[in-house]
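**Student:** You'll find entry.txt just under this line, and it carries compact mmCIF, C-alpha atoms and all ligand atoms.
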```
# COMPACT_ATOMS: atom_id res chain seq x y z
CA MET A 817 2.70 -123.30 -36.39
CA ASN A 818 3.13 -123.53 -32.64
CA HIS A 819 1.81 -121.06 -30.15
CA ASN A 820 5.17 -119.24 -29.69
CA GLY A 821 5.63 -118.78 -33.44
CA LEU A 822 2.19 -117.16 -33.77
CA TRP A 823 2.90 -114.87 -30.86
CA ASN A 824 6.22 -113.80 -32.37
CA ARG A 825 4.50 -112.97 -35.67
CA ILE A 826 1.94 -110.81 -33.86
CA ARG A 827 4.71 -108.97 -32.06
CA VAL A 828 6.62 -108.28 -35.30
CA ALA A 829 3.44 -107.05 -37.02
CA ALA A 830 2.68 -104.73 -34.10
CA MET A 831 6.22 -103.34 -34.22
CA VAL A 832 5.87 -102.63 -37.97
CA VAL A 833 2.60 -100.76 -37.37
CA ILE A 834 4.11 -98.65 -34.56
CA LEU A 835 7.21 -97.79 -36.62
CA GLY A 836 4.95 -96.85 -39.53
CA MET A 837 2.93 -94.51 -37.34
CA VAL A 838 6.10 -92.83 -36.00
CA ALA A 839 7.44 -92.36 -39.53
CA ALA A 840 4.12 -90.92 -40.75
CA GLY A 841 4.03 -88.50 -37.84
CA LEU A 842 7.57 -87.38 -38.53
CA PHE A 843 6.76 -86.88 -42.21
CA ALA A 844 3.69 -84.80 -41.36
CA TYR A 845 5.76 -82.65 -39.02
CA VAL A 846 8.49 -82.04 -41.57
CA THR A 847 6.12 -81.30 -44.45
CA GLY A 848 3.36 -79.48 -42.67
CA GLY A 849 2.32 -78.97 -39.11
CA GLY A 850 5.72 -78.70 -37.49
CA ARG A 851 7.11 -76.29 -39.99
CA ALA A 852 3.97 -74.19 -40.09
CA GLY A 853 4.48 -73.36 -36.46
CA ALA A 854 8.09 -72.38 -37.07
CA ASP A 855 7.13 -70.21 -40.05
CA GLU A 856 4.53 -68.42 -38.03
CA GLU A 857 7.20 -67.52 -35.52
CA VAL A 858 9.52 -65.93 -38.05
CA GLY A 859 6.70 -64.32 -40.04
CA LEU A 860 7.16 -66.31 -43.26
CA ARG A 861 3.59 -67.42 -43.62
CA PRO A 862 1.33 -65.43 -45.89
CA ARG A 863 -0.80 -62.84 -44.19
CA PRO A 864 -4.23 -64.22 -43.28
CA ALA A 865 -6.98 -62.64 -45.36
CA ASN A 866 -8.71 -61.27 -42.29
CA LEU A 867 -5.64 -59.59 -40.80
CA ALA A 868 -6.59 -56.26 -39.39
CA GLN A 869 -5.41 -53.09 -41.05
CA ALA A 870 -2.59 -52.07 -38.79
CA ASP A 871 -3.27 -48.54 -37.81
CA GLU A 872 -2.78 -46.43 -34.77
CA PRO A 873 -4.30 -48.37 -31.91
CA ALA A 874 -7.80 -47.49 -30.80
CA ASN A 875 -8.09 -48.52 -27.18
CA GLY A 876 -5.56 -51.25 -27.65
CA LYS A 877 -7.30 -52.86 -30.61
CA LEU A 878 -6.25 -53.02 -34.21
CA THR A 879 -8.71 -51.26 -36.45
CA GLN A 880 -10.65 -53.90 -38.36
CA LYS A 881 -10.62 -52.36 -41.79
CA ALA A 882 -10.04 -53.31 -45.34
CA SER A 883 -7.25 -51.61 -47.28
CA LEU A 884 -7.15 -47.85 -47.04
CA THR A 885 -7.26 -45.62 -50.08
CA PRO A 886 -4.20 -43.40 -50.66
CA ASP A 887 -6.15 -40.36 -49.44
CA GLU A 888 -7.37 -42.14 -46.31
CA ALA A 889 -3.80 -43.14 -45.49
CA LEU A 890 -2.62 -39.56 -46.01
CA LYS A 891 -5.38 -38.30 -43.72
CA ARG A 892 -4.16 -40.68 -40.99
CA LEU A 893 -0.65 -39.28 -41.28
CA LYS A 894 -1.90 -35.69 -41.15
CA GLU A 895 -3.98 -36.45 -38.06
CA GLY A 896 -1.04 -38.16 -36.38
CA ASN A 897 1.28 -35.24 -37.10
CA ALA A 898 -1.30 -32.79 -35.72
CA ARG A 899 -1.42 -34.82 -32.47
CA PHE A 900 2.39 -34.83 -32.31
CA VAL A 901 2.62 -31.06 -32.88
CA SER A 902 0.07 -30.34 -30.18
CA ASP A 903 1.83 -32.58 -27.66
CA MET A 904 -1.14 -34.92 -27.55
CA PRO A 905 0.14 -38.18 -28.98
CA LYS A 906 -1.90 -41.26 -28.31
CA GLU A 907 -0.21 -43.68 -26.03
CA ALA A 908 2.13 -45.79 -28.14
CA GLU A 909 0.99 -49.37 -27.91
CA LEU A 910 3.92 -51.63 -27.31
CA ALA A 911 2.00 -54.36 -25.52
CA SER A 912 2.70 -58.00 -26.24
CA LYS A 913 -0.85 -58.49 -27.57
CA LYS A 914 -0.14 -56.05 -30.41
CA ARG A 915 3.22 -57.64 -31.15
CA ILE A 916 1.66 -61.09 -31.33
CA GLU A 917 -1.09 -59.86 -33.67
CA LEU A 918 1.47 -58.20 -35.92
CA ALA A 919 3.63 -61.33 -35.94
CA GLN A 920 0.98 -62.83 -38.25
CA GLY A 921 1.83 -60.29 -40.93
CA GLN A 922 2.15 -56.61 -41.68
CA ARG A 923 -0.04 -54.22 -43.58
CA PRO A 924 1.53 -50.78 -43.28
CA ILE A 925 -0.54 -47.81 -44.46
CA ALA A 926 2.38 -45.77 -45.83
CA VAL A 927 5.94 -46.05 -47.06
CA VAL A 928 8.09 -43.24 -45.72
CA LEU A 929 11.42 -42.52 -47.39
CA THR A 930 13.21 -40.13 -45.10
CA CYS A 931 16.59 -38.98 -43.77
CA SER A 932 18.46 -40.90 -41.08
CA ASP A 933 18.59 -37.78 -38.91
CA SER A 934 17.80 -38.81 -35.33
CA ARG A 935 15.38 -35.91 -34.95
CA ALA A 936 13.11 -36.96 -37.80
CA ALA A 937 11.77 -40.38 -36.74
CA PRO A 938 8.58 -40.93 -38.79
CA GLU A 939 6.78 -43.15 -36.27
CA ILE A 940 7.06 -40.38 -33.70
CA VAL A 941 6.41 -37.48 -36.07
CA PHE A 942 3.24 -39.18 -37.36
CA ASP A 943 2.27 -40.63 -33.98
CA LYS A 944 2.13 -44.21 -35.17
CA GLY A 945 2.88 -47.50 -33.43
CA LEU A 946 4.32 -50.76 -34.68
CA GLY A 947 3.20 -52.12 -38.04
CA VAL A 948 1.85 -48.86 -39.48
CA LEU A 949 4.73 -47.30 -41.40
CA PHE A 950 7.15 -48.99 -43.80
CA VAL A 951 10.17 -46.79 -43.28
CA ILE A 952 13.29 -46.44 -45.41
CA ARG A 953 15.91 -44.14 -43.95
CA VAL A 954 19.04 -42.93 -45.66
CA ALA A 955 20.91 -39.66 -45.17
CA GLY A 956 19.46 -37.03 -47.49
CA ASN A 957 16.41 -39.27 -48.24
CA VAL A 958 17.96 -40.20 -51.58
CA GLY A 959 17.02 -43.09 -53.84
CA GLY A 960 18.98 -46.04 -55.21
CA PRO A 961 18.28 -49.63 -56.24
CA GLU A 962 17.83 -50.88 -52.67
CA VAL A 963 15.51 -48.01 -51.83
CA TYR A 964 13.36 -48.45 -54.95
CA ALA A 965 13.22 -52.21 -54.43
CA SER A 966 12.05 -51.75 -50.84
CA ILE A 967 9.29 -49.44 -52.02
CA GLU A 968 8.31 -51.86 -54.78
CA TYR A 969 7.99 -54.62 -52.20
CA ALA A 970 5.80 -52.49 -49.96
CA ILE A 971 3.37 -51.41 -52.66
CA ALA A 972 3.24 -54.64 -54.67
CA GLU A 973 3.35 -57.22 -51.88
CA LEU A 974 2.02 -55.40 -48.85
CA LYS A 975 -0.45 -53.27 -50.84
CA THR A 976 0.66 -50.09 -49.12
CA PRO A 977 -1.31 -47.26 -50.76
CA LEU A 978 0.87 -44.22 -50.00
CA ILE A 979 4.51 -43.20 -50.46
CA VAL A 980 5.84 -40.17 -48.62
CA VAL A 981 9.25 -38.69 -49.45
CA LEU A 982 10.07 -36.76 -46.32
CA GLY A 983 12.93 -34.28 -46.10
CA HIS A 984 13.57 -32.11 -43.09
CA THR A 985 14.81 -28.64 -42.25
CA ASN A 986 18.47 -28.16 -41.41
CA CYS A 987 19.47 -31.41 -43.11
CA GLY A 988 23.20 -32.02 -42.72
CA ALA A 989 23.42 -34.21 -45.82
CA VAL A 990 21.78 -31.57 -48.02
CA GLY A 991 23.98 -28.95 -46.36
CA ALA A 992 27.07 -30.94 -47.32
CA ALA A 993 25.90 -31.16 -50.93
CA LEU A 994 25.27 -27.43 -50.91
CA LYS A 995 28.74 -26.60 -49.64
CA GLY A 996 30.41 -29.02 -52.01
CA THR A 997 33.15 -29.72 -49.52
CA GLU A 998 35.54 -32.62 -50.01
CA GLN A 999 34.17 -35.82 -48.50
CA PRO A 1000 36.45 -38.13 -46.51
CA SER A 1001 35.37 -41.35 -48.26
CA ASP A 1002 34.11 -42.63 -51.60
CA ASN A 1003 30.91 -43.77 -49.91
CA LEU A 1004 30.18 -40.29 -48.62
CA LYS A 1005 31.11 -38.81 -51.99
CA GLU A 1006 28.64 -41.13 -53.69
CA LEU A 1007 25.86 -40.33 -51.23
CA VAL A 1008 26.31 -36.57 -51.49
CA SER A 1009 26.38 -36.81 -55.30
CA LEU A 1010 22.84 -38.25 -55.19
CA ILE A 1011 21.47 -35.15 -53.48
CA HIS A 1012 20.08 -32.51 -55.81
CA THR A 1013 19.97 -29.06 -54.31
CA GLY A 1014 18.60 -27.43 -57.47
CA SER A 1015 19.90 -24.60 -59.57
CA ASP A 1016 17.41 -21.87 -58.66
CA LEU A 1017 18.73 -21.23 -55.14
CA PRO A 1018 18.46 -17.84 -53.46
CA LYS A 1019 21.55 -15.84 -52.50
CA ASP A 1020 20.19 -15.34 -48.99
CA LYS A 1021 22.14 -17.71 -46.77
CA SER A 1022 19.31 -17.94 -44.25
CA THR A 1023 16.92 -19.56 -46.71
CA VAL A 1024 19.23 -21.35 -49.11
CA LEU A 1025 19.31 -24.61 -47.14
CA ASP A 1026 15.51 -24.68 -46.84
CA ASP A 1027 15.21 -24.25 -50.59
CA ALA A 1028 17.81 -26.93 -51.24
CA VAL A 1029 15.96 -29.37 -48.96
CA HIS A 1030 12.72 -28.56 -50.76
CA ASN A 1031 14.30 -29.07 -54.18
CA ASN A 1032 15.91 -32.35 -53.15
CA VAL A 1033 12.64 -33.76 -51.87
CA LEU A 1034 10.86 -32.89 -55.11
CA TYR A 1035 13.70 -34.34 -57.16
CA GLN A 1036 13.81 -37.61 -55.18
CA THR A 1037 10.04 -37.87 -55.53
CA GLN A 1038 10.29 -37.51 -59.30
CA LEU A 1039 12.97 -40.18 -59.45
CA LEU A 1040 10.69 -42.84 -57.95
CA THR A 1041 8.55 -43.11 -61.07
CA ARG A 1042 11.50 -42.59 -63.38
CA GLN A 1043 13.61 -45.32 -61.83
CA SER A 1044 10.94 -47.91 -61.08
CA LYS A 1045 8.36 -49.22 -63.53
CA ILE A 1046 6.41 -50.83 -60.72
CA ILE A 1047 6.14 -47.58 -58.77
CA LYS A 1048 5.17 -45.75 -61.96
CA ASP A 1049 2.47 -48.30 -62.86
CA PHE A 1050 0.99 -48.18 -59.36
CA ALA A 1051 1.01 -44.37 -59.37
CA VAL A 1052 -0.49 -44.02 -62.85
CA SER A 1053 -3.29 -46.46 -62.04
CA GLY A 1054 -4.07 -44.60 -58.81
CA ARG A 1055 -3.32 -47.56 -56.57
CA VAL A 1056 -0.59 -45.51 -54.94
CA LYS A 1057 -0.21 -41.83 -54.22
CA ILE A 1058 3.26 -40.28 -53.93
CA VAL A 1059 3.56 -37.20 -51.75
CA PRO A 1060 6.65 -35.07 -51.06
CA ALA A 1061 6.89 -33.33 -47.69
CA VAL A 1062 9.31 -31.49 -45.42
CA TYR A 1063 9.41 -31.95 -41.67
CA ASN A 1064 10.24 -28.88 -39.61
CA LEU A 1065 12.60 -29.88 -36.80
CA LYS A 1066 11.57 -27.00 -34.58
CA SER A 1067 7.79 -26.79 -34.99
CA GLY A 1068 7.23 -30.51 -35.57
CA VAL A 1069 4.99 -29.70 -38.52
CA VAL A 1070 5.12 -31.75 -41.70
CA ASN A 1071 4.58 -29.45 -44.68
CA TRP A 1072 3.03 -31.30 -47.58
CA LEU A 1073 4.30 -30.26 -51.01
CA GLU A 1074 2.88 -30.46 -54.49
CA PRO A 1075 4.83 -32.92 -56.63
CA ARG A 1076 6.49 -31.43 -59.72
CA LYS A 1077 4.75 -31.96 -63.00
CA LYS A 1078 6.64 -34.32 -65.29
ZN ZN A 1101 18.94 -35.03 -42.97
```
Could you express the structure from this file as structure tokens?
**Tutor:**
Amino acid sequence: MNHNGLWNRIRVAAMVVILGMVAAGLFAYVTGGGRAGADEEVGLRPRPANLAQADEPANGKLTQKASLTPDEALKRLKEGNARFVSDMPKEAELASKKRIELAQGQRPIAVVLTCSDSRAAPEIVFDKGLGVLFVIRVAGNVGGPEVYASIEYAIAELKTPLIVVLGHTNCGAVGAALKGTEQPSDNLKELVSLIHTGSDLPKDKSTVLDDAVHNNVLYQTQLLTRQSKIIKDFAVSGRVKIVPAVYNLKSGVVNWLEPRKK
């Protein structure tokens, strides 16, 4: 073998090694490192075990706490509503630091099923920032497969310990069900048919809507455990508490109700 032949062989071998390294790097990116970064961005990675309990911010920091009990979560909501009512909400934290922390995963303390009414926004009513409430909003705060599935996801996957079914005074959807007027579309007809105003309504027109709202909230609360085995299992075992409530548009107060017995 002459000198040039040996040199050519060394060059070919070096090229093979370099190509191999490039291919290995590409493989690692596709199967691991590269994708992990992308997943983190879109929130697909599992929540790290040490992720803070997302609660109302205390001086800009997430509260470092393990999972709350249902009663602790309820207490947080009651405290937040009291701050809201007394015009002393904590400053909502919308800083990028909080967003970045929450991008790692969510751990909301309560599911809130409530009406779409623009005056009844749960995050504001309970004085809570990003990542604290898992909110499902539909006119009349009624249930349905998508609603129950969303709740199931929150309690089973996110370990959320509390479910609040929140109606509100002067609800237009409940009012429509009460009046029984013809609806302009099948979709609206279907929605209104899901609202239960109850049969024990007073004759007094000034209180009838309040009573209907109250009855509908209790009925929708009952449906959760009737329509979802997962919600029922979590409630029976005490892992989740389900609380009906009515928000007063004028006073800002959330009135907590006793669920109906079976
Ligand atoms: Zn409403």
**Student:** Find the residue from A:Ala936, A:Ala1028, A:Val1056, A:Leu918 that sits nearest to Glu888 of chain A; use all atoms listed in the file when measuring.
**Tutor:**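 Among A:Ala936, A:Ala1028, A:Val1056, A:Leu918, it is A:Val1056 that comes nearest to Glu888 of chain A.
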**Student:** Residues within 6 Å of ligand ZN 1101 (chain A) (all atoms listed in the file), as JSON, numbers by chain?
**Tutor:** {"A": [931, 933, 955, 956, 987, 988, 989]}
**Student:** Would you compute the distance between atom CA of Val1052 of chain A and atom CA of Ala970 of chain A? Give it in Å to one decimal.
**Tutor:**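 Between atom CA of Val1052 of chain A and atom CA of Ala970 of chain A the gap works out to 16.7 Å.
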**Student:** Quick one: pull the distance between atom CA of Ala919 of chain A and atom CA of Gly945 of chain A, Å, one decimal.
**Tutor:** 14.1 Å
**Student:** Which residues come within 8 Å of segment 1001-1016 of chain A, counting all atoms listed in the file, excluding same-chain residues fewer than 6 positions away, as a ChimeraX atom specification?
**Tutor:** /A:955-956,958-959,989-990,992-994,1027-1029,1031-1032,1035
**Student:** Which polymer residues have any atom within 9 Å of an atom of Lys975 of chain A, counting only C-alpha atoms, with same-chain residues fewer than 5 positions away left out, as number ranges by chain?
**Tutor:** A: 883, 923-925, 969-970, 1055-1056
**Student:** Go ahead and save the residues from that selection, with C-alpha atoms, as a short mmCIF file (atom, residue, chain, number, x, y, z; two decimals), keeping the file's coordinate frame.
**Tutor:**
```cif
data_model
loop_
_atom_site.label_atom_id
_atom_site.label_comp_id
_atom_site.auth_asym_id
_atom_site.auth_seq_id
_atom_site.Cartn_x
_atom_site.Cartn_y
_atom_site.Cartn_z
CA SER A 883 -7.25 -51.61 -47.28
CA ARG A 923 -0.04 -54.22 -43.58
CA PRO A 924 1.53 -50.78 -43.28
CA ILE A 925 -0.54 -47.81 -44.46
CA TYR A 969 7.99 -54.62 -52.20
CA ALA A 970 5.80 -52.49 -49.96
CA ARG A 1055 -3.32 -47.56 -56.57
CA VAL A 1056 -0.59 -45.51 -54.94
#
```
**Student:** Go through A:Val1062, A:Leu1040, A:Ala911, A:Ile916 one by one, measure the shortest atom-to-atom distance of each to Asn986 of chain A using all atoms listed in the file, and give the residue with the smallest value.
**Tutor:** A:Val1062
**Student:** Measuring between all atoms listed in the file, which one of A:Pro961, A:Pro886, A:Gly991, A:Gly996 shows the shortest distance to Val1024 of chain A?
**Tutor:**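 Using all atoms listed in the file, the shortest distance to Val1024 of chain A belongs to A:Gly991.
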**Student:** With distances taken over only C-alpha atoms, which of A:Ile971, A:Leu1034, A:Leu1025, A:Val928 is nearest to Leu893 of chain A?
**Tutor:**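 Using only C-alpha atoms, Leu893 of chain A sits closest to A:Val928.
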**Student:** Looking at all atoms listed in the file, which of A:Ile967, A:Leu1017, A:Ile952, A:Ala1061 is the one that sits closest to Leu982 of chain A?
**Tutor:**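 The shortest atom-to-atom distance to Leu982 of chain A comes from A:Ala1061.
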**Student:** Scan for residues within 12 Å of the point (7.7, -41.8, -32.0) in the coordinates of the file, using all atoms listed in the file, and reply as a list of chain:residue names.
**Tutor:**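 The requested residues, written out, are A:Glu872, A:Gly896, A:Asn897, A:Arg899, A:Phe900, A:Val901, A:Asp903, A:Pro905, A:Lys906, A:Glu907, A:Ala908, A:Glu909, A:Leu910, A:Ser934, A:Arg935, A:Ala936, A:Ala937, A:Pro938, A:Glu939, A:Ile940, A:Val941, A:Phe942, A:Asp943, A:Lys944, A:Gly945, A:Leu946, A:Val948, A:Leu949, A:Gly1068.
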**Student:** Pick out the residues sitting within 9 Å of Asp887 of chain A, and hand them over as a list in words; count all atoms listed in the file, and ignore anything fewer than 5 positions along from it in its own chain.
**Tutor:**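 Within the cut-off, the hits are Arg892, Pro977, Leu978 and Lys1057 of chain A.
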**Student:** Any chance you can output those residues with C-alpha atoms as a compact mmCIF listing (two decimals), in the coordinates of the input?
**Tutor:**
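Final file, out26.txt:
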```txt
# COMPACT_ATOMS: atom_id res chain seq x y z
CA ARG A 892 -4.16 -40.68 -40.99
CA PRO A 977 -1.31 -47.26 -50.76
CA LEU A 978 0.87 -44.22 -50.00
CA LYS A 1057 -0.21 -41.83 -54.22
```
**Student:** Using only the atoms of segment 1000-1016 of chain A listed in the file, plus 5 Å on each side, state the axis-aligned box centre and edge lengths in Å rounded to one decimal, as lines of an AutoDock Vina configuration file.
**Tutor:**
```
center_x = 26.9
center_y = -32.8
center_z = -53.0
size_x = 29.0
size_y = 31.9
size_z = 23.1
```
**Student:** For a test of reading the model, state the distance in Å between atom CA of Lys1077 of chain A and atom CA of Val954 of chain A, rounded to one decimal.
**Tutor:**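 Interatomic distance here is 25.0 Å.
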**Student:** Here is a test: counting only C-alpha atoms, which residue of A:Ile1047, A:Leu890, A:Val1033, A:Ala972 is nearest to Tyr1063 of chain A?
**Tutor:**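 Smallest separation from Tyr1063 of chain A among the options: A:Val1033.
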